[in-house]
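Trainee: Provided herewith: protein.pdb, PDB, C-alpha atoms.
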```pdb
ATOM      1  CA  MET A   1       9.545 -18.220 -17.381  1.00  0.00           C
ATOM      2  CA  TRP A   2       9.960 -20.484 -20.396  1.00  0.00           C
ATOM      3  CA  ARG A   3       7.374 -22.916 -19.027  1.00  0.00           C
ATOM      4  CA  ILE A   4       4.804 -20.120 -18.717  1.00  0.00           C
ATOM      5  CA  THR A   5       5.419 -18.981 -22.299  1.00  0.00           C
ATOM      6  CA  LEU A   6       5.220 -22.512 -23.616  1.00  0.00           C
ATOM      7  CA  THR A   7       1.989 -23.203 -21.744  1.00  0.00           C
ATOM      8  CA  ARG A   8       0.437 -19.971 -22.982  1.00  0.00           C
ATOM      9  CA  SER A   9       1.341 -20.689 -26.592  1.00  0.00           C
ATOM     10  CA  VAL A  10      -0.054 -24.242 -26.363  1.00  0.00           C
ATOM     11  CA  LEU A  11      -3.281 -23.014 -24.780  1.00  0.00           C
ATOM     12  CA  VAL A  12      -3.667 -20.211 -27.314  1.00  0.00           C
ATOM     13  CA  SER A  13      -3.043 -22.560 -30.254  1.00  0.00           C
ATOM     14  CA  GLN A  14      -5.663 -24.966 -28.855  1.00  0.00           C
ATOM     15  CA  THR A  15      -8.134 -22.111 -28.542  1.00  0.00           C
ATOM     16  CA  VAL A  16      -7.508 -20.906 -32.098  1.00  0.00           C
ATOM     17  CA  ARG A  17      -8.330 -24.369 -33.492  1.00  0.00           C
ATOM     18  CA  CYS A  18     -11.811 -24.242 -31.970  1.00  0.00           C
ATOM     19  CA  ALA A  19     -14.680 -23.192 -34.193  1.00  0.00           C
ATOM     20  CA  ARG A  20     -15.717 -20.572 -31.724  1.00  0.00           C
ATOM     21  CA  PRO A  21     -12.916 -18.793 -29.875  1.00  0.00           C
ATOM     22  CA  SER A  22     -13.420 -18.927 -26.155  1.00  0.00           C
ATOM     23  CA  VAL A  23     -11.953 -16.955 -23.353  1.00  0.00           C
ATOM     24  CA  LEU A  24      -9.518 -18.944 -21.279  1.00  0.00           C
ATOM     25  CA  PRO A  25      -9.854 -18.766 -17.545  1.00  0.00           C
ATOM     26  CA  ARG A  26      -7.015 -16.864 -15.901  1.00  0.00           C
ATOM     27  CA  THR A  27      -6.002 -19.947 -13.926  1.00  0.00           C
ATOM     28  CA  ALA A  28      -5.425 -21.906 -17.116  1.00  0.00           C
ATOM     29  CA  LEU A  29      -2.871 -19.388 -18.323  1.00  0.00           C
ATOM     30  CA  TYR A  30      -0.895 -19.461 -15.106  1.00  0.00           C
ATOM     31  CA  ARG A  31      -1.306 -23.096 -14.112  1.00  0.00           C
ATOM     32  CA  SER A  32       2.362 -23.834 -14.747  1.00  0.00           C
ATOM     33  CA  ALA A  33       3.542 -20.814 -12.769  1.00  0.00           C
ATOM     34  CA  ARG A  34       3.510 -22.860  -9.573  1.00  0.00           C
ATOM     35  CA  TYR A  35       6.769 -23.031  -7.748  1.00  0.00           C
ATOM     36  CA  GLU A  36       9.005 -26.026  -8.260  1.00  0.00           C
ATOM     37  CA  SER A  37       9.279 -26.490  -4.508  1.00  0.00           C
ATOM     38  CA  GLN A  38       8.318 -24.955  -1.224  1.00  0.00           C
ATOM     39  CA  ASP A  39      11.926 -23.779  -0.875  1.00  0.00           C
ATOM     40  CA  ALA A  40      11.649 -21.679  -4.042  1.00  0.00           C
ATOM     41  CA  ARG A  41       8.393 -20.149  -2.806  1.00  0.00           C
ATOM     42  CA  LYS A  42       9.908 -19.433   0.601  1.00  0.00           C
ATOM     43  CA  GLU A  43      12.950 -17.816  -1.045  1.00  0.00           C
ATOM     44  CA  TRP A  44      10.694 -15.597  -3.181  1.00  0.00           C
ATOM     45  CA  LEU A  45       8.655 -14.529  -0.134  1.00  0.00           C
ATOM     46  CA  GLU A  46      11.801 -13.685   1.861  1.00  0.00           C
ATOM     47  CA  LYS A  47      13.167 -11.608  -1.026  1.00  0.00           C
ATOM     48  CA  ASN A  48       9.854  -9.766  -1.273  1.00  0.00           C
ATOM     49  CA  ASP A  49       9.893  -9.159   2.499  1.00  0.00           C
ATOM     50  CA  ASP A  50      13.385  -7.639   2.201  1.00  0.00           C
ATOM     51  CA  LEU A  51      12.056  -5.148  -0.340  1.00  0.00           C
ATOM     52  CA  GLN A  52       9.128  -4.262   1.914  1.00  0.00           C
ATOM     53  CA  ARG A  53      11.437  -3.678   4.890  1.00  0.00           C
ATOM     54  CA  ASP A  54      12.896  -0.643   3.100  1.00  0.00           C
ATOM     55  CA  TRP A  55       9.648   1.212   3.751  1.00  0.00           C
ATOM     56  CA  ASP A  56       9.800   0.864   7.519  1.00  0.00           C
ATOM     57  CA  ALA A  57      11.334   4.164   8.630  1.00  0.00           C
ATOM     58  CA  LYS A  58      10.115   5.187  12.063  1.00  0.00           C
ATOM     59  CA  GLU A  59       7.278   7.673  11.871  1.00  0.00           C
ATOM     60  CA  LEU A  60       7.260  10.778  14.024  1.00  0.00           C
ATOM     61  CA  SER A  61       4.165  12.492  15.353  1.00  0.00           C
ATOM     62  CA  TYR A  62       3.724  16.242  15.689  1.00  0.00           C
ATOM     63  CA  GLU A  63       4.384  15.959  19.422  1.00  0.00           C
ATOM     64  CA  GLU A  64       7.710  14.197  18.790  1.00  0.00           C
ATOM     65  CA  LEU A  65       8.800  16.644  16.073  1.00  0.00           C
ATOM     66  CA  LYS A  66       7.902  19.938  17.796  1.00  0.00           C
ATOM     67  CA  PRO A  67      10.791  19.825  20.353  1.00  0.00           C
ATOM     68  CA  LYS A  68      13.280  19.085  17.569  1.00  0.00           C
ATOM     69  CA  THR A  69      12.257  22.308  15.799  1.00  0.00           C
ATOM     70  CA  GLN A  70      12.517  24.420  18.949  1.00  0.00           C
ATOM     71  CA  GLN A  71      16.037  23.257  19.801  1.00  0.00           C
ATOM     72  CA  PRO A  72      17.759  22.357  16.523  1.00  0.00           C
ATOM     73  CA  THR A  73      21.208  20.849  16.669  1.00  0.00           C
ATOM     74  CA  PRO A  74      23.807  20.529  13.909  1.00  0.00           C
ATOM     75  CA  ASP A  75      23.903  16.738  14.307  1.00  0.00           C
ATOM     76  CA  LYS A  76      20.222  16.354  13.315  1.00  0.00           C
ATOM     77  CA  TYR A  77      18.550  17.364  10.076  1.00  0.00           C
ATOM     78  CA  LEU A  78      14.938  18.137   9.278  1.00  0.00           C
ATOM     79  CA  ILE A  79      14.734  17.892   5.492  1.00  0.00           C
ATOM     80  CA  ASP A  80      11.817  19.211   3.457  1.00  0.00           C
ATOM     81  CA  VAL A  81      11.631  17.198   0.228  1.00  0.00           C
ATOM     82  CA  ARG A  82       9.040  19.448  -1.456  1.00  0.00           C
ATOM     83  CA  GLU A  83       9.943  21.394  -4.584  1.00  0.00           C
ATOM     84  CA  PRO A  84      11.152  25.023  -4.126  1.00  0.00           C
ATOM     85  CA  ASP A  85       7.869  26.530  -5.359  1.00  0.00           C
ATOM     86  CA  GLU A  86       6.006  24.568  -2.637  1.00  0.00           C
ATOM     87  CA  VAL A  87       8.498  25.658   0.030  1.00  0.00           C
ATOM     88  CA  ARG A  88       7.650  29.304  -0.697  1.00  0.00           C
ATOM     89  CA  LEU A  89       4.267  28.676   0.963  1.00  0.00           C
ATOM     90  CA  GLY A  90       6.039  28.028   4.241  1.00  0.00           C
ATOM     91  CA  THR A  91       8.325  25.637   6.021  1.00  0.00           C
ATOM     92  CA  ILE A  92       8.745  24.013   9.409  1.00  0.00           C
ATOM     93  CA  PRO A  93      11.269  25.945  11.554  1.00  0.00           C
ATOM     94  CA  SER A  94      14.872  24.686  11.310  1.00  0.00           C
ATOM     95  CA  ALA A  95      14.154  22.676   8.128  1.00  0.00           C
ATOM     96  CA  VAL A  96      16.385  22.667   5.078  1.00  0.00           C
ATOM     97  CA  ASN A  97      15.134  21.992   1.556  1.00  0.00           C
ATOM     98  CA  LEU A  98      16.384  19.103  -0.550  1.00  0.00           C
ATOM     99  CA  PRO A  99      13.742  18.230  -3.179  1.00  0.00           C
ATOM    100  CA  LEU A 100      12.940  14.571  -3.708  1.00  0.00           C
ATOM    101  CA  SER A 101      13.600  15.043  -7.422  1.00  0.00           C
ATOM    102  CA  VAL A 102      17.316  15.613  -6.711  1.00  0.00           C
ATOM    103  CA  LEU A 103      17.729  13.636  -3.479  1.00  0.00           C
ATOM    104  CA  SER A 104      19.295  10.505  -4.925  1.00  0.00           C
ATOM    105  CA  GLY A 105      21.875  12.429  -6.945  1.00  0.00           C
ATOM    106  CA  ALA A 106      22.588  14.807  -4.065  1.00  0.00           C
ATOM    107  CA  LEU A 107      23.411  11.959  -1.703  1.00  0.00           C
ATOM    108  CA  HIS A 108      26.187  10.889  -4.080  1.00  0.00           C
ATOM    109  CA  LEU A 109      27.882  14.311  -4.183  1.00  0.00           C
ATOM    110  CA  LYS A 110      31.137  15.043  -2.396  1.00  0.00           C
ATOM    111  CA  PRO A 111      30.588  16.995   0.852  1.00  0.00           C
ATOM    112  CA  ASP A 112      32.067  20.286  -0.436  1.00  0.00           C
ATOM    113  CA  THR A 113      30.047  20.123  -3.670  1.00  0.00           C
ATOM    114  CA  PHE A 114      26.905  19.290  -1.690  1.00  0.00           C
ATOM    115  CA  LYS A 115      27.385  22.275   0.639  1.00  0.00           C
ATOM    116  CA  ALA A 116      28.047  24.655  -2.260  1.00  0.00           C
ATOM    117  CA  GLN A 117      24.950  23.468  -4.114  1.00  0.00           C
ATOM    118  CA  TYR A 118      22.425  23.167  -1.261  1.00  0.00           C
ATOM    119  CA  GLY A 119      23.759  25.552   1.399  1.00  0.00           C
ATOM    120  CA  PHE A 120      24.159  23.076   4.266  1.00  0.00           C
ATOM    121  CA  ASP A 121      26.535  20.258   5.184  1.00  0.00           C
ATOM    122  CA  LYS A 122      25.930  16.867   3.641  1.00  0.00           C
ATOM    123  CA  PRO A 123      24.358  14.525   6.218  1.00  0.00           C
ATOM    124  CA  GLN A 124      26.507  11.713   7.566  1.00  0.00           C
ATOM    125  CA  LYS A 125      25.334   8.114   7.040  1.00  0.00           C
ATOM    126  CA  ASP A 126      24.502   7.626  10.742  1.00  0.00           C
ATOM    127  CA  GLN A 127      23.199  11.131  11.415  1.00  0.00           C
ATOM    128  CA  GLU A 128      19.539  11.552  12.417  1.00  0.00           C
ATOM    129  CA  ILE A 129      17.485  12.736   9.449  1.00  0.00           C
ATOM    130  CA  VAL A 130      13.781  13.558   9.569  1.00  0.00           C
ATOM    131  CA  PHE A 131      12.051  13.856   6.190  1.00  0.00           C
ATOM    132  CA  TYR A 132       8.785  15.643   5.544  1.00  0.00           C
ATOM    133  CA  CYS A 133       6.851  16.863   2.506  1.00  0.00           C
ATOM    134  CA  ARG A 134       3.304  18.119   1.942  1.00  0.00           C
ATOM    135  CA  SER A 135       1.257  15.093   2.939  1.00  0.00           C
ATOM    136  CA  GLY A 136       3.684  12.257   3.753  1.00  0.00           C
ATOM    137  CA  LYS A 137       3.994  10.348   0.472  1.00  0.00           C
ATOM    138  CA  ARG A 138       7.234  11.882  -0.815  1.00  0.00           C
ATOM    139  CA  SER A 139       8.808  11.799   2.635  1.00  0.00           C
ATOM    140  CA  THR A 140       8.214   8.037   2.746  1.00  0.00           C
ATOM    141  CA  THR A 141       9.912   7.727  -0.639  1.00  0.00           C
ATOM    142  CA  ALA A 142      12.766   9.949   0.570  1.00  0.00           C
ATOM    143  CA  CYS A 143      13.339   7.596   3.523  1.00  0.00           C
ATOM    144  CA  ASP A 144      13.527   4.702   1.080  1.00  0.00           C
ATOM    145  CA  VAL A 145      15.986   6.537  -1.185  1.00  0.00           C
ATOM    146  CA  ALA A 146      18.204   7.483   1.765  1.00  0.00           C
ATOM    147  CA  LYS A 147      18.121   3.954   3.181  1.00  0.00           C
ATOM    148  CA  ARG A 148      19.126   2.504  -0.181  1.00  0.00           C
ATOM    149  CA  ASN A 149      22.043   4.949  -0.184  1.00  0.00           C
ATOM    150  CA  GLY A 150      23.354   3.689   3.164  1.00  0.00           C
ATOM    151  CA  PHE A 151      21.747   6.113   5.624  1.00  0.00           C
ATOM    152  CA  THR A 152      20.625   4.388   8.802  1.00  0.00           C
ATOM    153  CA  ASN A 153      19.044   6.848  11.251  1.00  0.00           C
ATOM    154  CA  LEU A 154      15.959   7.894   9.289  1.00  0.00           C
ATOM    155  CA  LEU A 155      12.667   9.262  10.560  1.00  0.00           C
ATOM    156  CA  ASN A 156       9.517  10.214   8.654  1.00  0.00           C
ATOM    157  CA  TYR A 157       7.144  12.967   9.755  1.00  0.00           C
ATOM    158  CA  LYS A 158       4.173  11.296   8.090  1.00  0.00           C
ATOM    159  CA  GLY A 159       1.733  14.139   8.848  1.00  0.00           C
ATOM    160  CA  SER A 160       4.109  16.495   7.083  1.00  0.00           C
ATOM    161  CA  TRP A 161       3.311  20.100   6.160  1.00  0.00           C
ATOM    162  CA  LEU A 162      -0.488  19.712   6.175  1.00  0.00           C
ATOM    163  CA  ASP A 163      -0.450  18.361   9.736  1.00  0.00           C
ATOM    164  CA  TRP A 164       2.027  21.020  10.880  1.00  0.00           C
ATOM    165  CA  VAL A 165      -0.093  23.871   9.462  1.00  0.00           C
ATOM    166  CA  GLU A 166      -3.243  22.499  11.065  1.00  0.00           C
ATOM    167  CA  ARG A 167      -1.662  22.026  14.499  1.00  0.00           C
ATOM    168  CA  GLU A 168       0.203  25.328  14.486  1.00  0.00           C
ATOM    169  CA  GLY A 169      -2.884  27.227  13.333  1.00  0.00           C
ATOM    170  CA  ILE A 170      -1.101  28.699  10.321  1.00  0.00           C
ATOM    171  CA  LYS A 171      -3.446  30.101   7.677  1.00  0.00           C
ATOM    172  CA  PRO A 172      -2.659  28.769   4.181  1.00  0.00           C
ATOM    173  CA  VAL A 173      -1.553  31.423   1.703  1.00  0.00           C
TER     174      VAL A 173
END
```
Go ahead and render the structure in this file as structure tokens.
Mentor:
Amino acid sequence: MWRITLTRSVLVSQTVRCARPSVLPRTALYRSARYESQDARKEWLEKNDDLQRDWDAKELSYEELKPKTQQPTPDKYLIDVREPDEVRLGTIPSAVNLPLSVLSGALHLKPDTFKAQYGFDKPQKDQEIVFYCRSGKRSTTACDVAKRNGFTNLLNYKGSWLDWVEREGIKPV
């Protein structure tokens, strides 16, 4: 970091001395940002890969989700992460609502407090949880939040509410 700052300041001071200021090529500014060794580069890439792995929750299709809604069980949750005003438009059968905006905090609550606040039992860390939202973006984020909080059996209905409405033939309100 210090080397980059030093290089930038040297390059900028050299540019200022010129009679006509010129624009430095981007590569000149970052020339010293090269890695000290291949090991450092490899370490950085592996760390970046670890961050990307958090977004790898298994995605469910409509065909895989439909049976879960017809025969719900208490050991599996279908969680709608849309806000309450969006849920009023409709919901997938057997789903419970836990908005993404409160998900992280809710996962840290004690089980009795969670049940009193949200109306259903707090999911266990190894319990199957399927997240969905309106279009699939927030449900992907919800999977990431849950994984970072120690939950391991996460599924994402990527098609989410829009796909469900289309396939079920439900007319939007």
Trainee: Counting all atoms listed in the file, find the residues whose atoms lie at most 7 Å from (8.8, 22.7, 12.8) (file coordinates) and write them out as a list in words.
Mentor: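 The distance filter leaves exactly Leu65, Lys66, Thr69, Ile92, Pro93 and Ser94 of chain A.
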Trainee: Between A:Lys76, A:Lys158, A:Arg88, A:Arg138, which one has atoms that come closest to A:Asp121, using only C-alpha atoms?
Mentor: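 The closest residue to A:Asp121 is A:Lys76.
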Trainee: Just to confirm, what's the straight-line distance from atom CA of A:Arg167 to atom CA of A:Leu155 in Å (one decimal)?
Mentor: 19.6 Å
Trainee: Please determine, counting all atoms listed in the file, which residue among A:Val87, A:Cys133, A:Lys125, A:Leu78 has the shortest atom-to-atom distance to A:Leu100.
Mentor: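 The closest residue to A:Leu100 is A:Cys133.
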Trainee: Work out how far apart atom CA of A:Lys147 and atom CA of A:Ala106 are and give it in Å to one decimal.
Mentor: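 A separation of 13.8 Å between them.
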Trainee: Here is a test: counting all atoms listed in the file, which residue of A:Pro67, A:Pro99, A:Gly159, A:Gly119 is nearest to A:Ile79?
Mentor: A:Pro99
Trainee: Contacts of A:Thr140 at 12 Å or less, counting only C-alpha atoms, minus same-chain residues fewer than 2 places along, as a PyMOL selection string?
Mentor: chain A and resi 54-60+80-81+100+130-138+142-147+154-160
Trainee: Just checking: using all atoms listed in the file, which residue out of A:Leu89, A:Leu98, A:Ala40, A:Ala116 ends up closest to A:Val165?
Mentor: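 Selected residue with least distance to A:Val165: A:Leu89.
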Trainee: Set up a box along x, y and z of the file covering all listed atoms of stretch 131-144 of chain A, add 3 Å on every one of the six sides, and write the centre and edge lengths in Å to one decimal, as AutoDock Vina command-line options.
Mentor:
```
--center_x 7.4 --center_y 11.4 --center_z 2.7 --size_x 18.3 --size_y 19.4 --size_z 13.0
```
Trainee: Report, in Å with one decimal, the straight-line distance from atom CA of A:Asp163 to atom CA of A:Asp85.
Mentor: 19.1 Å
